[in-house]
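Notes for the one structure printed next.
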Amino acid sequence: NYTSASAEKTFTISVAENTWTETPAIADITYGTAPAPTAKAAFGTVQFTYSSTKDGTYGELPENAPVGTWYLKAEVPSTEDYSGLSTILEFHITKAKAPEPVIPEGLTSRQDALLYSITLSGGWGWLNSSQRVSVDSEGYMARLMVDDQNYDYSEVEGYNADGHYVDRLIPVAVAQGTNTWTEELTIDDWTYGETPSAPSAKAAHGDVIFTYGASVDGTFTDQVPTQAGIWYVKATVPASDAYAELTQTDEFVIRKAVPAPDLPKLQASYGQSLRALTLPEGFAWDDPSLAVGAVGTRSFTASYTPKDTANYESLSGLKLSVTVQKADNQWTEEPAVKGWTYGSKANTPTAKTAFGTPYFVYSSKEDGTYSTTVPSTAGTWYLKGITDGTENYNETVSKAVAFTIEPKAYEEDGSITIPKIDSSTDISKLEIKDGDTTLKQGTDYEIKKTLKDKTMSVTITFKGNYKGTVVRTYTATDKEIEEYWAAQQKKSAQTSDENLTEFWAVLTIVSLAILLMLICIMRVRKKNHELTDF
């Protein structure tokens, strides 16, 4: 019957202006009570904070806030929906009624005792603690400092507003008097072997008797002690009809005497520790592990313990003189080295000496000339360890130690490479390498050719720094076979000539020797006039 319809309209919700629905209020309070502020706002929760000054920082009211003028801030923080409120009110914290001072009870003392010997509780203090108590007195004035800033003491007996205190008479029960010392017991310490000190003491009434004992609770006698130690003297005034017995005990010390031993003069070698030195009876090093140090004269601390330790002091911090002499060095670990293979990294020798650090020298002969150059070629070598001498110890040289640098062995697919050899290869120009190093023919290897049928065998024999034999074969050409046999015939002829030459040389030497022997015989015969027989 009809179609649908719609429309839009924009409207605004504005921030509400907040108002107090219950005006903030706070009543004055007394010290020690909590405030009870009131306030309500149209929007939000009211927050209460406090400050001792109107323009100060507001926060929680301190516990036991002091008497005075305070300020309350009733505040509702603003939000996106309503505005904030803040009101500051003045209020007062007034003095609370003062509590009745608690008078100490049950105080007792004796005649003539000083008042300060009676301890007061609850913060009270005697006005004149140096006066002596008497059985005739009803009590003594004492003072209690009070907090009259926060409490009202105006109606409290003995209150003084200017001094902020309360004075009261405190009763003390005083018993019958006792005897007293007019001169306290004293005795001076003395040292063992000296004349004993005489004790001194005086009492208000009666004569003093002195006795001695080894402990406070032990037996006391009139025998004056003579041994070193802690002792006790007792001063006693016997009881009388008017006064009770009076005693006093004092501690004194008979000091140990200080001995005066002759200090030894000691000798040592560099590298020794103090424990290696023999001390006279009673002496002991403070630190026996200390080294005696460098050559020269130095001192070390020691202690001395006498035989009679009961009456003589043990001494500490004594300076004993030690003369240190030069030491002979020793091998604590003989030099040693493990051989290696030519081309490998050289092994580091090991050795240790009692003093210093050894270094190493090398030679190709046991009795040869040694140098610090580390050998690198194959063969048997010798090593010596040397530690140079110093002002503290002498030089030491080890015996020669033999080790071997083994020749490097040829291995297939190893670092030594041999090029392909065939009939076209010039053996004299053959280039064999060890890594990047080219080996020398005649020095590092020899080459020999042998022919069997048409197979040419090239034998490479390594030597010097290398070892191993390698054979390479190939089929020789007719020309090469012809040249090979021609070379062999020529070599055979040269060998025959060399052998003949060697034969005639030997024959000549033998002949000359026979002739020389005959000449000698003739001279001897002639000298002996026997030449005609010859």
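Just so we're on the same page: first chain in the structure tokens is A, next is B, and so on; residues restart at 1 for each chain, and ligands are numbered from 1 in the order they show up.
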Just want the 12 Å neighbourhood of A:Trp340, counted on only C-alpha atoms, with same-chain residues fewer than 5 positions away dropped. Output as a ChimeraX atom specification. /A:345-349,375-381,403-408,465
Generate the output file for the selected residues, N, CA and C atoms, as a tab-separated table (two decimals), in the first residue's frame.
chain	number	residue	atom	x	y	z
A	345	LYS	N	106.39	-29.65	9.71
A	345	LYS	CA	106.73	-28.63	10.69
A	345	LYS	C	107.64	-29.23	11.76
A	346	ALA	N	108.68	-28.52	12.10
A	346	ALA	CA	109.63	-29.01	13.09
A	346	ALA	C	108.96	-29.12	14.46
A	347	ASN	N	109.26	-30.20	15.18
A	347	ASN	CA	108.73	-30.37	16.53
A	347	ASN	C	109.49	-29.49	17.52
A	348	THR	N	108.76	-28.97	18.46
A	348	THR	CA	109.36	-28.08	19.46
A	348	THR	C	109.98	-28.91	20.58
A	349	PRO	N	111.22	-28.67	20.92
A	349	PRO	CA	111.86	-29.40	22.02
A	349	PRO	C	111.21	-29.03	23.36
A	375	PRO	N	117.40	-27.38	12.19
A	375	PRO	CA	117.70	-28.11	10.96
A	375	PRO	C	116.43	-28.44	10.18
A	376	SER	N	116.62	-28.58	8.86
A	376	SER	CA	115.46	-28.86	8.02
A	376	SER	C	115.70	-30.00	7.05
A	377	THR	N	116.95	-30.48	6.92
A	377	THR	CA	117.23	-31.56	5.97
A	377	THR	C	117.24	-32.89	6.68
A	378	ALA	N	116.98	-33.95	5.92
A	378	ALA	CA	116.89	-35.29	6.49
A	378	ALA	C	118.26	-35.74	7.01
A	379	GLY	N	118.22	-36.52	8.09
A	379	GLY	CA	119.45	-37.05	8.66
A	379	GLY	C	119.37	-37.09	10.17
A	380	THR	N	120.47	-37.45	10.80
A	380	THR	CA	120.55	-37.49	12.25
A	380	THR	C	121.14	-36.17	12.74
A	381	TRP	N	120.47	-35.57	13.71
A	381	TRP	CA	120.88	-34.28	14.24
A	381	TRP	C	121.01	-34.39	15.76
A	403	PHE	N	118.31	-36.82	17.40
A	403	PHE	CA	116.97	-37.01	16.83
A	403	PHE	C	117.12	-37.10	15.31
A	404	THR	N	116.11	-37.57	14.66
A	404	THR	CA	116.20	-37.85	13.22
A	404	THR	C	115.11	-37.11	12.46
A	405	ILE	N	115.54	-36.48	11.35
A	405	ILE	CA	114.58	-35.96	10.38
A	405	ILE	C	114.51	-37.01	9.26
A	406	GLU	N	113.42	-37.72	9.21
A	406	GLU	CA	113.27	-38.81	8.25
A	406	GLU	C	113.06	-38.24	6.84
A	407	PRO	N	113.66	-38.93	5.80
A	407	PRO	CA	113.37	-38.51	4.42
A	407	PRO	C	111.88	-38.66	4.14
A	408	LYS	N	111.39	-37.80	3.29
A	408	LYS	CA	109.98	-37.85	2.91
A	408	LYS	C	109.79	-38.96	1.89
A	465	ASN	N	116.81	-35.99	0.95
A	465	ASN	CA	115.65	-35.65	1.76
A	465	ASN	C	114.42	-36.46	1.40
Fewer than 4 positions away in the same chain doesn't count, so skip those; otherwise give me all residues within 12 Å of stretch 12-25 of chain A, counting only C-alpha atoms, as an mmCIF file with N, CA, C and O atoms, in the first residue's frame.
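Ended up saving to selection-v6.cif:
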data_model
loop_
_atom_site.group_PDB
_atom_site.id
_atom_site.type_symbol
_atom_site.label_atom_id
_atom_site.label_comp_id
_atom_site.auth_asym_id
_atom_site.auth_seq_id
_atom_site.Cartn_x
_atom_site.Cartn_y
_atom_site.Cartn_z
ATOM 1 N N PRO A 35 39.688 12.454 60.277
ATOM 2 C CA PRO A 35 38.682 13.388 59.764
ATOM 3 C C PRO A 35 37.573 12.631 59.025
ATOM 4 O O PRO A 35 37.776 11.522 58.553
ATOM 5 N N ALA A 36 36.395 13.290 58.936
ATOM 6 C CA ALA A 36 35.254 12.678 58.222
ATOM 7 C C ALA A 36 34.656 13.708 57.261
ATOM 8 O O ALA A 36 33.580 14.266 57.502
ATOM 9 N N PRO A 37 35.339 14.020 56.167
ATOM 10 C CA PRO A 37 34.814 15.003 55.217
ATOM 11 C C PRO A 37 33.608 14.445 54.466
ATOM 12 O O PRO A 37 33.458 13.231 54.312
ATOM 13 N N THR A 38 32.745 15.364 53.999
ATOM 14 C CA THR A 38 31.581 14.964 53.183
ATOM 15 C C THR A 38 31.511 15.860 51.967
ATOM 16 O O THR A 38 31.882 17.030 52.007
ATOM 17 N N ALA A 39 30.955 15.303 50.865
ATOM 18 C CA ALA A 39 30.735 16.052 49.626
ATOM 19 C C ALA A 39 30.165 15.100 48.592
ATOM 20 O O ALA A 39 30.492 13.903 48.594
ATOM 21 N N LYS A 40 29.319 15.629 47.717
ATOM 22 C CA LYS A 40 28.794 14.854 46.596
ATOM 23 C C LYS A 40 28.706 15.757 45.380
ATOM 24 O O LYS A 40 28.424 16.950 45.492
ATOM 25 N N ALA A 41 28.925 15.174 44.200
ATOM 26 C CA ALA A 41 28.858 15.926 42.940
ATOM 27 C C ALA A 41 27.822 15.298 42.034
ATOM 28 O O ALA A 41 27.452 14.130 42.170
ATOM 29 N N ALA A 42 27.338 16.137 41.089
ATOM 30 C CA ALA A 42 26.348 15.628 40.127
ATOM 31 C C ALA A 42 26.943 14.481 39.319
ATOM 32 O O ALA A 42 26.245 13.514 38.983
ATOM 33 N N PHE A 43 28.251 14.570 39.012
ATOM 34 C CA PHE A 43 28.911 13.513 38.246
ATOM 35 C C PHE A 43 30.246 13.173 38.929
ATOM 36 O O PHE A 43 30.939 14.054 39.415
ATOM 37 N N GLY A 44 30.611 11.909 38.893
ATOM 38 C CA GLY A 44 31.918 11.464 39.364
ATOM 39 C C GLY A 44 31.988 11.253 40.865
ATOM 40 O O GLY A 44 31.055 11.563 41.608
ATOM 41 N N THR A 45 33.169 10.699 41.267
ATOM 42 C CA THR A 45 33.424 10.390 42.669
ATOM 43 C C THR A 45 34.343 11.448 43.260
ATOM 44 O O THR A 45 35.364 11.816 42.657
ATOM 45 N N VAL A 46 33.988 11.905 44.444
ATOM 46 C CA VAL A 46 34.762 12.962 45.090
ATOM 47 C C VAL A 46 36.023 12.350 45.712
ATOM 48 O O VAL A 46 35.956 11.321 46.392
ATOM 49 N N GLN A 47 37.185 12.994 45.498
ATOM 50 C CA GLN A 47 38.450 12.576 46.087
ATOM 51 C C GLN A 47 38.869 13.607 47.146
ATOM 52 O O GLN A 47 38.768 14.814 46.906
ATOM 53 N N PHE A 48 39.316 13.112 48.336
ATOM 54 C CA PHE A 48 39.704 14.002 49.425
ATOM 55 C C PHE A 48 41.219 13.890 49.638
ATOM 56 O O PHE A 48 41.745 12.786 49.807
ATOM 57 N N TYR A 71 44.278 21.855 55.581
ATOM 58 C CA TYR A 71 43.397 22.174 54.450
ATOM 59 C C TYR A 71 42.972 20.882 53.775
ATOM 60 O O TYR A 71 43.781 19.973 53.560
ATOM 61 N N LEU A 72 41.632 20.879 53.442
ATOM 62 C CA LEU A 72 41.047 19.743 52.734
ATOM 63 C C LEU A 72 40.743 20.156 51.304
ATOM 64 O O LEU A 72 40.165 21.222 51.080
ATOM 65 N N LYS A 73 41.147 19.325 50.374
ATOM 66 C CA LYS A 73 40.772 19.572 48.983
ATOM 67 C C LYS A 73 39.777 18.479 48.585
ATOM 68 O O LYS A 73 40.115 17.286 48.604
ATOM 69 N N ALA A 74 38.521 18.936 48.263
ATOM 70 C CA ALA A 74 37.499 18.028 47.721
ATOM 71 C C ALA A 74 37.512 18.213 46.215
ATOM 72 O O ALA A 74 37.314 19.331 45.708
ATOM 73 N N GLU A 75 37.756 17.151 45.485
ATOM 74 C CA GLU A 75 38.021 17.300 44.056
ATOM 75 C C GLU A 75 37.364 16.165 43.271
ATOM 76 O O GLU A 75 37.364 15.005 43.691
ATOM 77 N N VAL A 76 36.741 16.577 42.113
ATOM 78 C CA VAL A 76 36.228 15.603 41.136
ATOM 79 C C VAL A 76 36.979 15.878 39.834
ATOM 80 O O VAL A 76 36.802 16.945 39.231
ATOM 81 N N PRO A 77 37.841 14.988 39.374
ATOM 82 C CA PRO A 77 38.592 15.231 38.131
ATOM 83 C C PRO A 77 37.647 15.302 36.935
ATOM 84 O O PRO A 77 36.624 14.610 36.869
ATOM 85 N N SER A 78 37.978 16.155 35.997
ATOM 86 C CA SER A 78 37.166 16.275 34.766
ATOM 87 C C SER A 78 37.392 15.052 33.878
ATOM 88 O O SER A 78 38.428 14.388 33.948
ATOM 89 N N THR A 79 36.375 14.772 33.058
ATOM 90 C CA THR A 79 36.438 13.685 32.075
ATOM 91 C C THR A 79 35.984 14.208 30.729
ATOM 92 O O THR A 79 35.712 15.416 30.574
ATOM 93 N N GLU A 80 35.838 13.336 29.742
ATOM 94 C CA GLU A 80 35.341 13.752 28.415
ATOM 95 C C GLU A 80 33.853 14.099 28.463
ATOM 96 O O GLU A 80 33.332 14.726 27.542
ATOM 97 N N ASP A 81 33.182 13.637 29.565
ATOM 98 C CA ASP A 81 31.720 13.824 29.603
ATOM 99 C C ASP A 81 31.287 14.958 30.517
ATOM 100 O O ASP A 81 30.181 15.490 30.353
ATOM 101 N N TYR A 82 32.122 15.319 31.510
ATOM 102 C CA TYR A 82 31.705 16.372 32.429
ATOM 103 C C TYR A 82 32.941 17.112 32.925
ATOM 104 O O TYR A 82 34.061 16.608 32.869
ATOM 105 N N SER A 83 32.716 18.325 33.408
ATOM 106 C CA SER A 83 33.799 19.173 33.883
ATOM 107 C C SER A 83 34.173 18.792 35.309
ATOM 108 O O SER A 83 33.419 18.123 36.002
ATOM 109 N N GLY A 84 35.380 19.215 35.741
ATOM 110 C CA GLY A 84 35.848 18.893 37.073
ATOM 111 C C GLY A 84 35.420 19.907 38.103
ATOM 112 O O GLY A 84 34.991 21.031 37.777
ATOM 113 N N LEU A 85 35.531 19.509 39.412
ATOM 114 C CA LEU A 85 35.207 20.389 40.531
ATOM 115 C C LEU A 85 36.362 20.354 41.516
ATOM 116 O O LEU A 85 37.014 19.314 41.678
ATOM 117 N N SER A 86 36.622 21.449 42.217
ATOM 118 C CA SER A 86 37.665 21.485 43.238
ATOM 119 C C SER A 86 37.336 22.573 44.246
ATOM 120 O O SER A 86 37.079 23.721 43.867
ATOM 121 N N THR A 87 37.349 22.174 45.519
ATOM 122 C CA THR A 87 37.072 23.131 46.593
ATOM 123 C C THR A 87 38.069 22.874 47.717
ATOM 124 O O THR A 87 38.332 21.720 48.076
ATOM 125 N N ILE A 88 38.661 23.932 48.294
ATOM 126 C CA ILE A 88 39.596 23.821 49.408
ATOM 127 C C ILE A 88 38.926 24.394 50.653
ATOM 128 O O ILE A 88 38.422 25.531 50.636
ATOM 129 N N LEU A 89 38.948 23.600 51.750
ATOM 130 C CA LEU A 89 38.355 24.016 53.016
ATOM 131 C C LEU A 89 39.412 23.997 54.110
ATOM 132 O O LEU A 89 40.261 23.109 54.136
ATOM 133 N N GLU A 90 39.349 24.939 54.992
ATOM 134 C CA GLU A 90 40.247 24.971 56.148
ATOM 135 C C GLU A 90 39.594 24.246 57.316
ATOM 136 O O GLU A 90 38.385 24.383 57.537
ATOM 137 N N PHE A 91 40.393 23.442 58.044
ATOM 138 C CA PHE A 91 39.904 22.833 59.274
ATOM 139 C C PHE A 91 41.076 22.774 60.250
ATOM 140 O O PHE A 91 42.215 23.044 59.891
#
Give the answer as one residue: which of A:Ser52, A:Gln489, A:Ser134, A:Asn64 has the shortest atom-to-atom distance to A:Ala34, using only C-alpha atoms? A:Asn64
For the helix (DSSP H, G or I) assignment from backbone DSSP, which residues of stretch 282-500 of chain A qualify? Please present them as a VMD selection string. chain A and resid 427 to 429 478 to 500
Can you write out the residues you just picked, keeping N, CA and C atoms, as a CSV table (one decimal), in the first residue's frame?
chain,number,residue,atom,x,y,z
A,427,ILE,N,114.9,-37.3,-20.3
A,427,ILE,CA,115.1,-37.6,-18.9
A,427,ILE,C,115.9,-36.6,-18.2
A,428,SER,N,116.9,-36.0,-18.9
A,428,SER,CA,117.8,-35.0,-18.2
A,428,SER,C,117.0,-33.7,-17.9
A,429,LYS,N,115.9,-33.5,-18.5
A,429,LYS,CA,115.1,-32.3,-18.2
A,429,LYS,C,113.8,-32.7,-17.5
A,478,ASP,N,112.2,-48.0,-32.2
A,478,ASP,CA,113.4,-48.7,-32.7
A,478,ASP,C,114.6,-47.8,-32.6
A,479,LYS,N,114.5,-46.5,-32.9
A,479,LYS,CA,115.6,-45.6,-32.8
A,479,LYS,C,116.1,-45.5,-31.3
A,480,GLU,N,115.2,-45.5,-30.4
A,480,GLU,CA,115.6,-45.4,-29.0
A,480,GLU,C,116.3,-46.6,-28.5
A,481,ILE,N,115.8,-47.8,-29.1
A,481,ILE,CA,116.4,-49.1,-28.7
A,481,ILE,C,117.8,-49.1,-29.2
A,482,GLU,N,118.0,-48.6,-30.5
A,482,GLU,CA,119.4,-48.6,-31.1
A,482,GLU,C,120.3,-47.7,-30.3
A,483,GLU,N,119.8,-46.5,-29.9
A,483,GLU,CA,120.6,-45.6,-29.2
A,483,GLU,C,120.9,-46.1,-27.8
A,484,TYR,N,120.0,-46.9,-27.2
A,484,TYR,CA,120.2,-47.4,-25.8
A,484,TYR,C,121.4,-48.4,-25.8
A,485,TRP,N,121.4,-49.4,-26.9
A,485,TRP,CA,122.4,-50.4,-26.9
A,485,TRP,C,123.8,-49.8,-27.3
A,486,ALA,N,123.7,-48.8,-28.1
A,486,ALA,CA,125.0,-48.1,-28.5
A,486,ALA,C,125.6,-47.5,-27.2
A,487,ALA,N,124.7,-46.8,-26.4
A,487,ALA,CA,125.2,-46.2,-25.2
A,487,ALA,C,125.7,-47.2,-24.2
A,488,GLN,N,125.1,-48.4,-24.2
A,488,GLN,CA,125.6,-49.4,-23.3
A,488,GLN,C,127.0,-50.0,-23.6
A,489,GLN,N,127.2,-50.2,-25.0
A,489,GLN,CA,128.5,-50.6,-25.5
A,489,GLN,C,129.6,-49.6,-25.1
A,490,LYS,N,129.3,-48.3,-25.4
A,490,LYS,CA,130.2,-47.3,-25.1
A,490,LYS,C,130.6,-47.2,-23.6
A,491,LYS,N,129.6,-47.4,-22.8
A,491,LYS,CA,129.8,-47.4,-21.3
A,491,LYS,C,130.6,-48.6,-20.9
A,492,SER,N,130.4,-49.8,-21.6
A,492,SER,CA,131.2,-51.0,-21.2
A,492,SER,C,132.7,-50.8,-21.5
A,493,ALA,N,132.9,-50.1,-22.7
A,493,ALA,CA,134.3,-49.9,-23.1
A,493,ALA,C,135.0,-48.9,-22.1
A,494,GLN,N,134.3,-47.9,-21.7
A,494,GLN,CA,134.8,-46.9,-20.8
A,494,GLN,C,135.1,-47.6,-19.5
A,495,THR,N,134.3,-48.5,-19.1
A,495,THR,CA,134.5,-49.3,-17.8
A,495,THR,C,135.7,-50.1,-17.9
A,496,SER,N,136.0,-50.8,-19.1
A,496,SER,CA,137.1,-51.7,-19.3
A,496,SER,C,138.4,-50.8,-19.2
A,497,ASP,N,138.4,-49.6,-19.9
A,497,ASP,CA,139.6,-48.8,-19.8
A,497,ASP,C,139.8,-48.3,-18.4
A,498,GLU,N,138.8,-48.0,-17.7
A,498,GLU,CA,138.9,-47.5,-16.3
A,498,GLU,C,139.5,-48.6,-15.5
A,499,ASN,N,139.1,-49.9,-15.7
A,499,ASN,CA,139.6,-51.0,-14.9
A,499,ASN,C,141.1,-51.2,-15.1
A,500,LEU,N,141.5,-51.1,-16.5
A,500,LEU,CA,142.9,-51.3,-16.8
A,500,LEU,C,143.8,-50.2,-16.2
Would you pick out the contacts of stretch 318-327 of chain A at 7 Å or less, using only C-alpha atoms, so that residues sharing its chain but fewer than 6 positions from it are not included, and give the list as a PyMOL selection string? chain A and resi 263-270+292+294-303+392-394
A:Pro261 surroundings by only C-alpha atoms, 10 Å radius, close-in-sequence under 5 positions cut, as a list in words: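 That gives Gly282, Phe283, Tyr304, Thr305, Pro306 and Leu315 of chain A.
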Dump as a PDB file, in the first residue's frame, selection limited to N, CA and C atoms:
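File part.pdb, as written:
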ATOM      1  N   GLY A 282     113.289 -22.850  69.146  1.00  0.00           N
ATOM      2  CA  GLY A 282     112.388 -21.777  69.551  1.00  0.00           C
ATOM      3  C   GLY A 282     112.005 -20.857  68.419  1.00  0.00           C
ATOM      4  N   PHE A 283     112.811 -20.803  67.333  1.00  0.00           N
ATOM      5  CA  PHE A 283     112.519 -19.906  66.218  1.00  0.00           C
ATOM      6  C   PHE A 283     111.661 -20.623  65.172  1.00  0.00           C
ATOM      7  N   TYR A 304     109.500 -16.337  67.869  1.00  0.00           N
ATOM      8  CA  TYR A 304     110.339 -17.049  68.839  1.00  0.00           C
ATOM      9  C   TYR A 304     109.454 -17.481  70.009  1.00  0.00           C
ATOM     10  N   THR A 305     109.515 -18.768  70.319  1.00  0.00           N
ATOM     11  CA  THR A 305     108.742 -19.323  71.437  1.00  0.00           C
ATOM     12  C   THR A 305     109.725 -19.831  72.495  1.00  0.00           C
ATOM     13  N   PRO A 306     109.726 -19.216  73.682  1.00  0.00           N
ATOM     14  CA  PRO A 306     110.667 -19.646  74.738  1.00  0.00           C
ATOM     15  C   PRO A 306     110.226 -20.978  75.343  1.00  0.00           C
ATOM     16  N   LEU A 315     107.724 -14.128  70.929  1.00  0.00           N
ATOM     17  CA  LEU A 315     108.017 -12.941  70.122  1.00  0.00           C
ATOM     18  C   LEU A 315     107.575 -13.169  68.680  1.00  0.00           C
TER      19      LEU A 315
END
Between atom CA of A:Gly32 and atom CA of A:Ser121, what is the distance, to one decimal in Å?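 Taking atom CA of A:Gly32 and atom CA of A:Ser121, their separation equals 24.3 Å.
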Out of stretch 40-250 of chain A, which residues get strand (DSSP E or B) from DSSP, as JSON, numbers by chain? {"A": [40, 41, 47, 48, 49, 50, 51, 59, 68, 69, 70, 71, 72, 73, 74, 75, 76, 82, 85, 86, 87, 88, 89, 90, 91, 92, 93, 94, 96, 97, 108, 109, 110, 114, 124, 125, 126, 132, 140, 141, 142, 143, 144, 145, 151, 152, 159, 160, 165, 166, 167, 168, 169, 170, 173, 174, 175, 181, 182, 183, 184, 185, 186, 190, 191, 200, 201, 202, 203, 209, 210, 211, 212, 213, 221, 229, 230, 231, 232, 233, 234, 235, 236, 237, 246, 247, 248, 249, 250]}
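Counting from atom CA of A:Gly125, the distance to atom CA of A:Thr30 is 29.2 Å.
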Just the number, please: distance in Å from atom CA of A:Ala214 to atom CA of A:Val258, one decimal. 22.5 Å
My list of candidates is A:Trp231, A:Leu507, A:Tyr474, A:Thr211. Which is closest to A:Asp188 when distances are computed with only C-alpha atoms?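 Checking each candidate against A:Asp188, we get A:Trp231 as the closest.
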Out of A:Ile93, A:Ala113, A:Leu107, A:Leu144, which residue has the shortest atom-to-atom distance to A:Ile26 when counting only C-alpha atoms?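 Closest to A:Ile26 of all the choices is A:Ile93.
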Point out the residue among A:Gln131, A:Ser154, A:Thr180, A:Thr186 with the least atom-to-atom distance to A:Val166, counting only C-alpha atoms.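 Closest to A:Val166, using only C-alpha atoms: A:Ser154.
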Polymer residues at most 7 Å from A:Glu333, only C-alpha atoms, same-chain spacing of 6 or more positions, as a list in words: Ala351, Lys352 and Thr353 of chain A
Expected file contents, prior selection, all heavy atoms, as a CSV table (one decimal), in the first residue's frame:
chain,number,residue,atom,x,y,z
A,351,ALA,N,112.0,-28.9,27.7
A,351,ALA,CA,113.1,-29.0,28.7
A,351,ALA,C,112.7,-28.0,29.8
A,351,ALA,O,112.0,-27.0,29.5
A,351,ALA,CB,114.5,-28.7,28.2
A,352,LYS,N,113.2,-28.3,31.0
A,352,LYS,CA,113.0,-27.3,32.1
A,352,LYS,C,114.2,-27.3,33.0
A,352,LYS,O,114.8,-28.4,33.2
A,352,LYS,CB,111.7,-27.7,32.9
A,352,LYS,CG,110.4,-27.5,32.2
A,352,LYS,CD,109.2,-27.9,33.1
A,352,LYS,CE,107.9,-27.7,32.4
A,352,LYS,NZ,106.7,-28.1,33.2
A,353,THR,N,114.5,-26.2,33.5
A,353,THR,CA,115.6,-26.0,34.5
A,353,THR,C,115.0,-25.5,35.8
A,353,THR,O,113.9,-24.8,35.7
A,353,THR,CB,116.7,-25.2,34.0
A,353,THR,OG1,116.1,-23.9,33.4
A,353,THR,CG2,117.5,-25.9,32.9
